[in-house]
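A.B. asks: Dumping the structure here so I can ask a few things about it.
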Protein chains: 2
Amino acid sequence: MTQRYKIYLLCTNDTKNFLYISHMNKKTIPDEALFDTDPFMPGLSVDCVTIGFEDNKLKVLVLKWKTLGGLWTLPGGFVFKNEDLNEAAIRVLKERTGIKLPFLEQFHTFGAVNRRDPNEIDGFIKNLESFGIEGELMNWFSQRFVSAGYVSLIDIQKCNLKTDVFSAEIKWASLEELPDLILDHNHIVKTALDYIKNLLQYLPVGITLLPEKFTMKELQYLYEAILQKKLDRGNFQRKMLKLDIFNRHEKMMEGKANKAPYLYSIDKERYEKLLANGYGFSS
Amino acid sequence: MTQRYKIYLLCTNDTKNFLYISHMNKKTIPDEALFDTDPFMPGLSVDCVTIGFEDNKLKVLVLKWKTLGGLWTLPGGFVFKNEDLNEAAIRVLKERTGIKLPFLEQFHTFGAVNRRDPNEIDGFIKNLESFGIEGELMNWFSQRFVSAGYVSLIDIQKCNLKTDVFSAEIKWASLEELPDLILDHNHIVKTALDYIKNLLQYLPVGITLLPEKFTMKELQYLYEAILQKKLDRGNFQRKMLKLDIFNRHEKMMEGKANKAPYLYSIDKERYEKLLANGYGFSS
DNA sequence: TCAAAAGTGTTATCTGTACACCCATGT
DNA sequence: ACATGGGTGTACAGATAACACTTTTGA
């Protein structure tokens, strides 16, 4: 029943969740840091499309590997055998951003055999070799993975980004300058954006992307970024306010040469209620 | 890399896809019918929520196991290592209904650790034992599975139902009399129905459930079944016709004591076009 | 001829859309 | 004072909702 592939993990202080692939000879890794792949579901992973909003642009959280090529990936991870799929995604998100699920939703599972472009495999294998990965450990990494995709919408300001042990860098990449990602990760991002775009048609999701207090204009820019189209200012304002999920605050007075706009925040309770209902087919 | 669990498969004439669990002693199974679990992805399955429409009711395709308890399940199967997840679902659907994907869509992946109710496990294991399953084969079946759920909407008339080797019976069960299903299959059905209901808000999906030619009233009943609410006849008719995806035919004259309604069929081309577009956020 | 259900009409109301007007604010 | 952009008003087009009227059909 259990897998027999040995794999080398380093227990860091705050997590046992990340594989540690060392440039060091494995003899230099302390004994208590050695584990095998038993705790993980074979062939199963989660990938998180973590969306933020900054400078009126949508951004996606990406990691750069500690490899020669410096390939980019989505944050992701394996799933413990005693862990719900959702929990795995929540864990990954928590570890990269320090935030626990403001909005986290499974949108699609990617299960094509050729998620990994055949042309890409050689480079991938070479990269793993450069980390000192070999034998059964190599088998683990080069096996076929089916990956569940999760989207979350996050307030960038609240994040405390951390790389994982594979990666040298973690950053918010705007959609225009999204780097080439490994495997089908670019496709995963596109699918996630379509999902959110569709969701926004009938649910005011995405408000979680904004800081605590925001102006209607900022909210409008967010909608425009997700929907990829211009909206009418006046109509947007009315439409949003009619949802009756906002609290209006005192004015902002920042040094702009115009009338100071109101600040709004979300009334959590009414917002949740609205999310639960959605819209209906008319007549 | 490869799994080592032996499993016993019988190659039937038309498929190698189904595990055959024999009451016979395994010595009576011909040698060429013996395989191990190597061809399958461990811990991964697909489940199909196959929806039809008959007597103005939505129906779901279910199978009854050849076990003592006669437990019911959704049609489902394992995924070959060299097979796309989608392909696995298409294959399962094809084998049960004889139909190749009129509409087949992955809607959610079920990955809770306790998909299998702990109280249920004992009975499940006993059932497997009653089939003569033991040892590593038992391990295969009692391992944790993550399952990708697929919905399809099918014209019942076109189906040619076949049981699989596990099952004694296959039938269309109306939602009101849907039996208790194993694992979280009842939950899977509910999730699929919610998904379709949501989809119908902005796409005229589900028309594929009806036979080639149908009346507007029949279409309305279908909508009412999916949306779980009454619709206004006149308004519904206008709304549908305005979609401009139907061809009107000569009348039906069946012996009803009323004005004979028109028959309509779908104009495939315009229908596909509409599906591709959907609706947009207004303003 | 009559009940049933199709097809179509009518109307008030609501929503979407476009754009205008006035007001507050920092330069 | 004035350019900028917020807040709100208005008016038209189209969609929605409720229901009425007429027509066709088999019994």
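Going by the structure tokens order, chains are called A, B, ..., each with residues numbered from 1, while ligands are numbered from 1 in the order shown.
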Might you pull out every residue within 8 Å of D:DG26, with only C-alpha atoms (C1' of nucleotides) counted and same-chain residues fewer than 4 positions away left off, and present them as number ranges by chain?
C.D. replies: B: 255-258
A.B. asks: Just the selected residues (N, CA and C atoms), exported as a short mmCIF file (atom, residue, chain, number, x, y, z; two decimals), in the first residue's frame, please.
C.D. replies:
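See part_16.cif below for the written result:
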data_model
loop_
_atom_site.label_atom_id
_atom_site.label_comp_id
_atom_site.auth_asym_id
_atom_site.auth_seq_id
_atom_site.Cartn_x
_atom_site.Cartn_y
_atom_site.Cartn_z
N GLY B 255 -52.84 13.18 -30.49
CA GLY B 255 -54.21 13.28 -30.01
C GLY B 255 -54.47 14.04 -28.71
N LYS B 256 -54.06 15.29 -28.68
CA LYS B 256 -54.38 16.10 -27.50
C LYS B 256 -55.54 17.02 -27.84
N ALA B 257 -56.38 17.26 -26.87
CA ALA B 257 -57.55 18.10 -27.10
C ALA B 257 -57.18 19.57 -27.00
N ASN B 258 -56.26 19.98 -27.79
CA ASN B 258 -55.87 21.38 -27.80
C ASN B 258 -55.14 21.72 -29.08
#
A.B. asks: Select residues of chain D: the criterion is any atom within 8 Å of an atom of chain B, counting only C-alpha atoms (C1' of nucleotides); output as a JSON list (two decimals) with N, CA and C atoms (P, O5', C5', C4', C3', O3' and C1' of nucleotides), in the first residue's frame.
C.D. replies:
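And here's out-v4.json as it stands now:
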[["chain", "number", "residue", "atom", "x", "y", "z"],
["D", 23, "DT", "P", -59.39, 34.76, -33.30],
["D", 23, "DT", "O5'", -58.51, 33.45, -33.21],
["D", 23, "DT", "C5'", -57.12, 33.51, -33.50],
["D", 23, "DT", "C4'", -56.56, 32.11, -33.45],
["D", 23, "DT", "C3'", -57.35, 31.08, -34.26],
["D", 23, "DT", "O3'", -56.43, 30.34, -35.04],
["D", 23, "DT", "C1'", -57.07, 30.33, -32.03],
["D", 24, "DT", "P", -56.95, 29.42, -36.23],
["D", 24, "DT", "O5'", -56.66, 27.96, -35.68],
["D", 24, "DT", "C5'", -55.33, 27.61, -35.32],
["D", 24, "DT", "C4'", -55.40, 26.39, -34.43],
["D", 24, "DT", "C3'", -56.10, 25.19, -35.05],
["D", 24, "DT", "O3'", -55.13, 24.17, -35.18],
["D", 24, "DT", "C1'", -56.74, 25.52, -32.79],
["D", 25, "DT", "P", -55.35, 22.92, -36.12],
["D", 25, "DT", "O5'", -55.92, 21.83, -35.12],
["D", 25, "DT", "C5'", -55.05, 21.30, -34.12],
["D", 25, "DT", "C4'", -55.84, 20.71, -32.99],
["D", 25, "DT", "C3'", -56.82, 19.60, -33.38],
["D", 25, "DT", "O3'", -56.13, 18.36, -33.31],
["D", 25, "DT", "C1'", -57.59, 20.99, -31.59],
["D", 26, "DG", "P", -56.76, 17.03, -33.87],
["D", 26, "DG", "O5'", -57.46, 16.42, -32.58],
["D", 26, "DG", "C5'", -56.63, 16.08, -31.46],
["D", 26, "DG", "C4'", -57.50, 15.62, -30.31],
["D", 26, "DG", "C3'", -58.37, 14.40, -30.63],
["D", 26, "DG", "O3'", -58.37, 13.58, -29.47],
["D", 26, "DG", "C1'", -59.76, 16.27, -30.09],
["D", 27, "DA", "P", -59.24, 12.32, -29.38],
["D", 27, "DA", "O5'", -60.43, 12.81, -28.45],
["D", 27, "DA", "C5'", -60.13, 13.22, -27.11],
["D", 27, "DA", "C4'", -61.42, 13.64, -26.43],
["D", 27, "DA", "C3'", -62.52, 12.58, -26.47],
["D", 27, "DA", "O3'", -63.15, 12.50, -25.20],
["D", 27, "DA", "C1'", -63.31, 14.60, -27.41]]
A.B. asks: Tell me which protein, DNA and RNA residues are within 10 Å of B:Leu243, counting only C-alpha atoms (C1' of nucleotides), leaving out same-chain ones fewer than 3 positions away, and put them as a list in words.
C.D. replies: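 Answer for this query is Pro204, Arg238, Lys239, Met240, Phe246, Arg270, Tyr271 and Leu274 of chain B.
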A.B. asks: How would the residues just picked look written out with all heavy atoms as a compact mmCIF listing (two decimals), in the first residue's frame?
C.D. replies:
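Saved result, out-v9.txt, follows:
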# COMPACT_ATOMS: atom_id res chain seq x y z
N PRO B 204 -28.02 28.64 -22.52
CA PRO B 204 -29.14 27.73 -22.77
C PRO B 204 -28.67 26.30 -22.88
O PRO B 204 -29.05 25.59 -23.78
CB PRO B 204 -29.70 28.25 -24.08
CG PRO B 204 -28.51 28.79 -24.79
CD PRO B 204 -27.64 29.37 -23.72
N ARG B 238 -41.25 33.56 -25.62
CA ARG B 238 -40.63 34.71 -26.29
C ARG B 238 -39.13 34.77 -26.03
O ARG B 238 -38.33 34.99 -26.92
CB ARG B 238 -41.28 36.00 -25.81
CG ARG B 238 -42.21 36.64 -26.82
CD ARG B 238 -42.65 38.00 -26.33
NE ARG B 238 -43.25 37.92 -25.01
CZ ARG B 238 -44.54 37.76 -24.80
NH1 ARG B 238 -45.36 37.69 -25.80
NH2 ARG B 238 -45.02 37.68 -23.58
N LYS B 239 -38.80 34.58 -24.77
CA LYS B 239 -37.39 34.68 -24.38
C LYS B 239 -36.53 33.66 -25.13
O LYS B 239 -35.44 33.98 -25.61
CB LYS B 239 -37.28 34.44 -22.88
CG LYS B 239 -35.92 34.70 -22.30
CD LYS B 239 -36.00 34.73 -20.79
CE LYS B 239 -34.68 35.10 -20.16
NZ LYS B 239 -34.83 35.34 -18.71
N MET B 240 -37.04 32.46 -25.20
CA MET B 240 -36.29 31.40 -25.87
C MET B 240 -36.16 31.69 -27.37
O MET B 240 -35.08 31.58 -27.94
CB MET B 240 -37.00 30.05 -25.68
CG MET B 240 -36.81 29.45 -24.31
SD MET B 240 -35.07 29.12 -23.92
CE MET B 240 -34.88 30.02 -22.40
N PHE B 246 -33.29 28.28 -32.79
CA PHE B 246 -34.19 27.16 -33.08
C PHE B 246 -34.67 27.19 -34.53
O PHE B 246 -34.78 28.25 -35.14
CB PHE B 246 -35.42 27.22 -32.17
CG PHE B 246 -35.09 27.11 -30.71
CD1 PHE B 246 -35.09 28.24 -29.91
CD2 PHE B 246 -34.75 25.89 -30.14
CE1 PHE B 246 -34.77 28.16 -28.56
CE2 PHE B 246 -34.42 25.80 -28.80
CZ PHE B 246 -34.43 26.94 -28.00
N ARG B 270 -25.86 27.94 -34.76
CA ARG B 270 -26.17 29.14 -33.98
C ARG B 270 -26.11 28.86 -32.49
O ARG B 270 -25.76 29.72 -31.69
CB ARG B 270 -27.55 29.67 -34.38
CG ARG B 270 -27.53 30.43 -35.70
CD ARG B 270 -28.90 30.90 -36.10
NE ARG B 270 -29.74 29.81 -36.58
CZ ARG B 270 -31.07 29.85 -36.68
NH1 ARG B 270 -31.71 30.94 -36.31
NH2 ARG B 270 -31.75 28.82 -37.13
N TYR B 271 -26.46 27.62 -32.12
CA TYR B 271 -26.40 27.23 -30.70
C TYR B 271 -24.97 27.27 -30.18
O TYR B 271 -24.69 27.87 -29.14
CB TYR B 271 -27.01 25.83 -30.53
CG TYR B 271 -26.90 25.26 -29.14
CD1 TYR B 271 -27.60 25.82 -28.09
CD2 TYR B 271 -26.08 24.15 -28.89
CE1 TYR B 271 -27.50 25.29 -26.81
CE2 TYR B 271 -25.99 23.62 -27.62
CZ TYR B 271 -26.70 24.19 -26.58
OH TYR B 271 -26.59 23.66 -25.32
N LEU B 274 -23.78 30.75 -29.70
CA LEU B 274 -24.33 31.38 -28.50
C LEU B 274 -23.61 30.88 -27.25
O LEU B 274 -23.27 31.66 -26.37
CB LEU B 274 -25.83 31.08 -28.41
CG LEU B 274 -26.57 31.81 -27.28
CD1 LEU B 274 -26.49 33.30 -27.48
CD2 LEU B 274 -28.01 31.36 -27.20
A.B. asks: Could you jot down the atom CA of B:Phe145 to atom CA of A:Leu153 separation for me, Å, one decimal place?
C.D. replies: 28.8 Å
A.B. asks: Could you work out which residues of chain C fall inside 7 Å of chain B? Count only C-alpha atoms (C1' of nucleotides), and format the result as a JSON list (two decimals) with N, CA and C atoms (P, O5', C5', C4', C3', O3' and C1' of nucleotides), in the first residue's frame.
C.D. replies:
[["chain", "number", "residue", "atom", "x", "y", "z"],
["C", 4, "DA", "P", -60.34, 21.70, -18.68],
["C", 4, "DA", "O5'", -59.11, 21.69, -19.70],
["C", 4, "DA", "C5'", -58.84, 20.52, -20.45],
["C", 4, "DA", "C4'", -57.76, 20.83, -21.44],
["C", 4, "DA", "C3'", -56.58, 21.62, -20.86],
["C", 4, "DA", "O3'", -55.39, 20.95, -21.22],
["C", 4, "DA", "C1'", -57.38, 22.67, -22.82],
["C", 5, "DA", "P", -54.03, 21.24, -20.38],
["C", 5, "DA", "O5'", -53.16, 22.00, -21.46],
["C", 5, "DA", "C5'", -52.91, 21.35, -22.70],
["C", 5, "DA", "C4'", -52.64, 22.40, -23.73],
["C", 5, "DA", "C3'", -51.53, 23.40, -23.36],
["C", 5, "DA", "O3'", -50.65, 23.50, -24.45],
["C", 5, "DA", "C1'", -53.39, 24.51, -24.18],
["C", 6, "DA", "P", -49.26, 24.20, -24.40],
["C", 6, "DA", "O5'", -49.28, 24.93, -25.81],
["C", 6, "DA", "C5'", -49.46, 24.15, -26.97],
["C", 6, "DA", "C4'", -49.80, 25.05, -28.14],
["C", 6, "DA", "C3'", -48.75, 26.14, -28.38],
["C", 6, "DA", "O3'", -48.45, 26.18, -29.76],
["C", 6, "DA", "C1'", -50.89, 27.12, -27.99],
["C", 16, "DG", "P", -29.36, 46.01, -14.69],
["C", 16, "DG", "O5'", -29.34, 46.74, -16.10],
["C", 16, "DG", "C5'", -29.57, 45.96, -17.27],
["C", 16, "DG", "C4'", -29.23, 46.81, -18.48],
["C", 16, "DG", "C3'", -27.80, 47.35, -18.49],
["C", 16, "DG", "O3'", -27.32, 47.25, -19.82],
["C", 16, "DG", "C1'", -29.34, 49.15, -18.60],
["C", 17, "DT", "P", -25.87, 47.68, -20.22],
["C", 17, "DT", "O5'", -26.05, 49.18, -20.68],
["C", 17, "DT", "C5'", -26.82, 49.45, -21.85],
["C", 17, "DT", "C4'", -26.82, 50.94, -22.12],
["C", 17, "DT", "C3'", -25.45, 51.61, -22.03],
["C", 17, "DT", "O3'", -25.18, 52.13, -23.31],
["C", 17, "DT", "C1'", -27.13, 52.90, -20.95]]
A.B. asks: Up to 8 Å from chain B, what residues of chain A turn up? Count only C-alpha atoms and give them as an MDAnalysis selection string.
C.D. replies: chainID A and resid 1 3 5 41:43 81:86 106:113 136 139:140 143:144 148 200:201 227 231:232 235:236 280:281 283
A.B. asks: Using DSSP on the backbone coordinates, identify the residues of stretch 136-218 of chain A assigned to strand (DSSP E or B); present them as a list in words.
C.D. replies: Val146, Ser147, Ala148, Gly149, Tyr150, Val151, Ser152, Leu153, Ser167, Ala168, Glu169, Ile170, Lys171, Trp172, Ala173, Ser174, Leu181 and Phe214 of chain A
A.B. asks: Would you export the selected residues with all heavy atoms as a CSV table (one decimal), in the first residue's frame, please?
C.D. replies:
chain,number,residue,atom,x,y,z
A,146,VAL,N,-1.5,15.0,-11.5
A,146,VAL,CA,-2.8,15.7,-11.8
A,146,VAL,C,-2.9,16.8,-10.7
A,146,VAL,O,-2.7,16.5,-9.5
A,146,VAL,CB,-3.9,14.7,-11.6
A,146,VAL,CG1,-5.3,15.4,-11.6
A,146,VAL,CG2,-3.9,13.7,-12.8
A,147,SER,N,-3.2,18.0,-11.2
A,147,SER,CA,-3.2,19.1,-10.2
A,147,SER,C,-4.5,19.8,-10.1
A,147,SER,O,-5.1,20.2,-11.1
A,147,SER,CB,-2.1,20.1,-10.6
A,147,SER,OG,-1.9,21.1,-9.6
A,148,ALA,N,-5.0,20.0,-8.9
A,148,ALA,CA,-6.2,20.8,-8.6
A,148,ALA,C,-5.8,22.3,-8.5
A,148,ALA,O,-5.0,22.7,-7.8
A,148,ALA,CB,-6.9,20.3,-7.4
A,149,GLY,N,-6.5,23.1,-9.3
A,149,GLY,CA,-6.3,24.5,-9.4
A,149,GLY,C,-7.2,25.3,-8.4
A,149,GLY,O,-8.4,25.0,-8.4
A,150,TYR,N,-6.6,26.2,-7.6
A,150,TYR,CA,-7.4,27.0,-6.7
A,150,TYR,C,-7.1,28.5,-7.0
A,150,TYR,O,-6.0,28.9,-7.3
A,150,TYR,CB,-7.0,26.7,-5.3
A,150,TYR,CG,-7.5,25.4,-4.7
A,150,TYR,CD1,-7.0,24.2,-5.0
A,150,TYR,CD2,-8.7,25.4,-3.9
A,150,TYR,CE1,-7.5,23.0,-4.6
A,150,TYR,CE2,-9.2,24.3,-3.4
A,150,TYR,CZ,-8.7,23.1,-3.7
A,150,TYR,OH,-9.2,21.9,-3.3
A,151,VAL,N,-8.2,29.3,-6.9
A,151,VAL,CA,-8.0,30.7,-7.1
A,151,VAL,C,-8.2,31.4,-5.7
A,151,VAL,O,-9.1,31.0,-5.0
A,151,VAL,CB,-9.0,31.5,-7.9
A,151,VAL,CG1,-8.4,32.3,-9.0
A,151,VAL,CG2,-10.1,30.6,-8.4
A,152,SER,N,-7.5,32.4,-5.5
A,152,SER,CA,-7.8,33.2,-4.3
A,152,SER,C,-7.6,34.7,-4.7
A,152,SER,O,-6.8,35.0,-5.5
A,152,SER,CB,-7.0,32.9,-3.1
A,152,SER,OG,-5.6,32.9,-3.4
A,153,LEU,N,-8.4,35.5,-4.0
A,153,LEU,CA,-8.3,37.0,-4.3
A,153,LEU,C,-7.8,37.6,-3.0
A,153,LEU,O,-8.5,37.5,-2.0
A,153,LEU,CB,-9.7,37.5,-4.7
A,153,LEU,CG,-10.3,36.8,-5.9
A,153,LEU,CD1,-11.7,37.3,-6.2
A,153,LEU,CD2,-9.4,37.1,-7.2
A,167,SER,N,12.5,27.9,-4.1
A,167,SER,CA,12.5,29.1,-4.9
A,167,SER,C,13.4,30.1,-4.4
A,167,SER,O,13.7,30.2,-3.2
A,167,SER,CB,11.1,29.6,-5.0
A,167,SER,OG,10.5,29.7,-3.7
A,168,ALA,N,13.9,31.0,-5.3
A,168,ALA,CA,14.9,32.0,-4.9
A,168,ALA,C,14.1,33.3,-4.8
A,168,ALA,O,14.6,34.3,-4.2
A,168,ALA,CB,15.9,32.1,-6.0
A,169,GLU,N,12.9,33.4,-5.3
A,169,GLU,CA,12.3,34.7,-5.4
A,169,GLU,C,10.7,34.5,-5.5
A,169,GLU,O,10.3,33.5,-6.1
A,169,GLU,CB,12.7,35.4,-6.7
A,169,GLU,CG,12.2,36.8,-6.8
A,169,GLU,CD,12.7,37.5,-8.2
A,169,GLU,OE1,13.6,37.0,-8.8
A,169,GLU,OE2,12.1,38.5,-8.5
A,170,ILE,N,10.0,35.4,-4.8
A,170,ILE,CA,8.6,35.3,-4.9
A,170,ILE,C,8.1,36.7,-5.2
A,170,ILE,O,8.6,37.7,-4.6
A,170,ILE,CB,7.9,34.7,-3.7
A,170,ILE,CG1,6.4,34.7,-3.8
A,170,ILE,CG2,8.3,35.5,-2.4
A,170,ILE,CD1,5.7,33.9,-2.7
A,171,LYS,N,7.2,36.9,-6.1
A,171,LYS,CA,6.7,38.3,-6.5
A,171,LYS,C,5.3,38.3,-7.1
A,171,LYS,O,4.8,37.3,-7.5
A,171,LYS,CB,7.7,38.9,-7.4
A,171,LYS,CG,7.6,38.3,-8.8
A,171,LYS,CD,8.4,39.3,-9.8
A,171,LYS,CE,8.2,38.7,-11.3
A,171,LYS,NZ,8.9,39.5,-12.3
A,172,TRP,N,4.7,39.5,-7.0
A,172,TRP,CA,3.5,39.7,-7.7
A,172,TRP,C,3.8,40.2,-9.1
A,172,TRP,O,4.4,41.2,-9.3
A,172,TRP,CB,2.7,40.8,-7.0
A,172,TRP,CG,2.2,40.5,-5.7
A,172,TRP,CD1,2.8,40.8,-4.5
A,172,TRP,CD2,1.1,39.7,-5.3
A,172,TRP,NE1,2.0,40.3,-3.4
A,172,TRP,CE2,1.0,39.6,-3.9
A,172,TRP,CE3,0.1,39.0,-6.1
A,172,TRP,CZ2,0.0,38.9,-3.3
A,172,TRP,CZ3,-0.9,38.3,-5.5
A,172,TRP,CH2,-1.0,38.3,-4.1
A,173,ALA,N,3.4,39.4,-10.1
A,173,ALA,CA,3.6,39.7,-11.5
A,173,ALA,C,2.4,40.2,-12.1
A,173,ALA,O,1.3,39.6,-12.0
A,173,ALA,CB,4.2,38.5,-12.3
A,174,SER,N,2.4,41.4,-12.8
A,174,SER,CA,1.2,41.9,-13.4
A,174,SER,C,0.9,41.0,-14.6
A,174,SER,O,1.8,40.4,-15.2
A,174,SER,CB,1.3,43.3,-13.8
A,174,SER,OG,2.2,43.4,-14.9
A,181,LEU,N,5.7,30.4,-17.5
A,181,LEU,CA,5.7,29.5,-16.4
A,181,LEU,C,5.9,28.0,-16.8
A,181,LEU,O,5.6,27.7,-18.0
A,181,LEU,CB,4.3,29.6,-15.6
A,181,LEU,CG,4.0,31.0,-15.2
A,181,LEU,CD1,2.5,31.1,-14.6
A,181,LEU,CD2,4.9,31.5,-14.2
A,214,PHE,N,-11.8,51.7,0.6
A,214,PHE,CA,-11.5,52.0,-0.8
A,214,PHE,C,-12.6,53.0,-1.3
A,214,PHE,O,-13.7,53.1,-0.8
A,214,PHE,CB,-11.5,50.7,-1.6
A,214,PHE,CG,-12.7,49.9,-1.3
A,214,PHE,CD1,-13.9,50.0,-2.1
A,214,PHE,CD2,-12.7,48.9,-0.3
A,214,PHE,CE1,-15.0,49.3,-1.8
A,214,PHE,CE2,-13.8,48.1,0.0
A,214,PHE,CZ,-15.0,48.3,-0.8
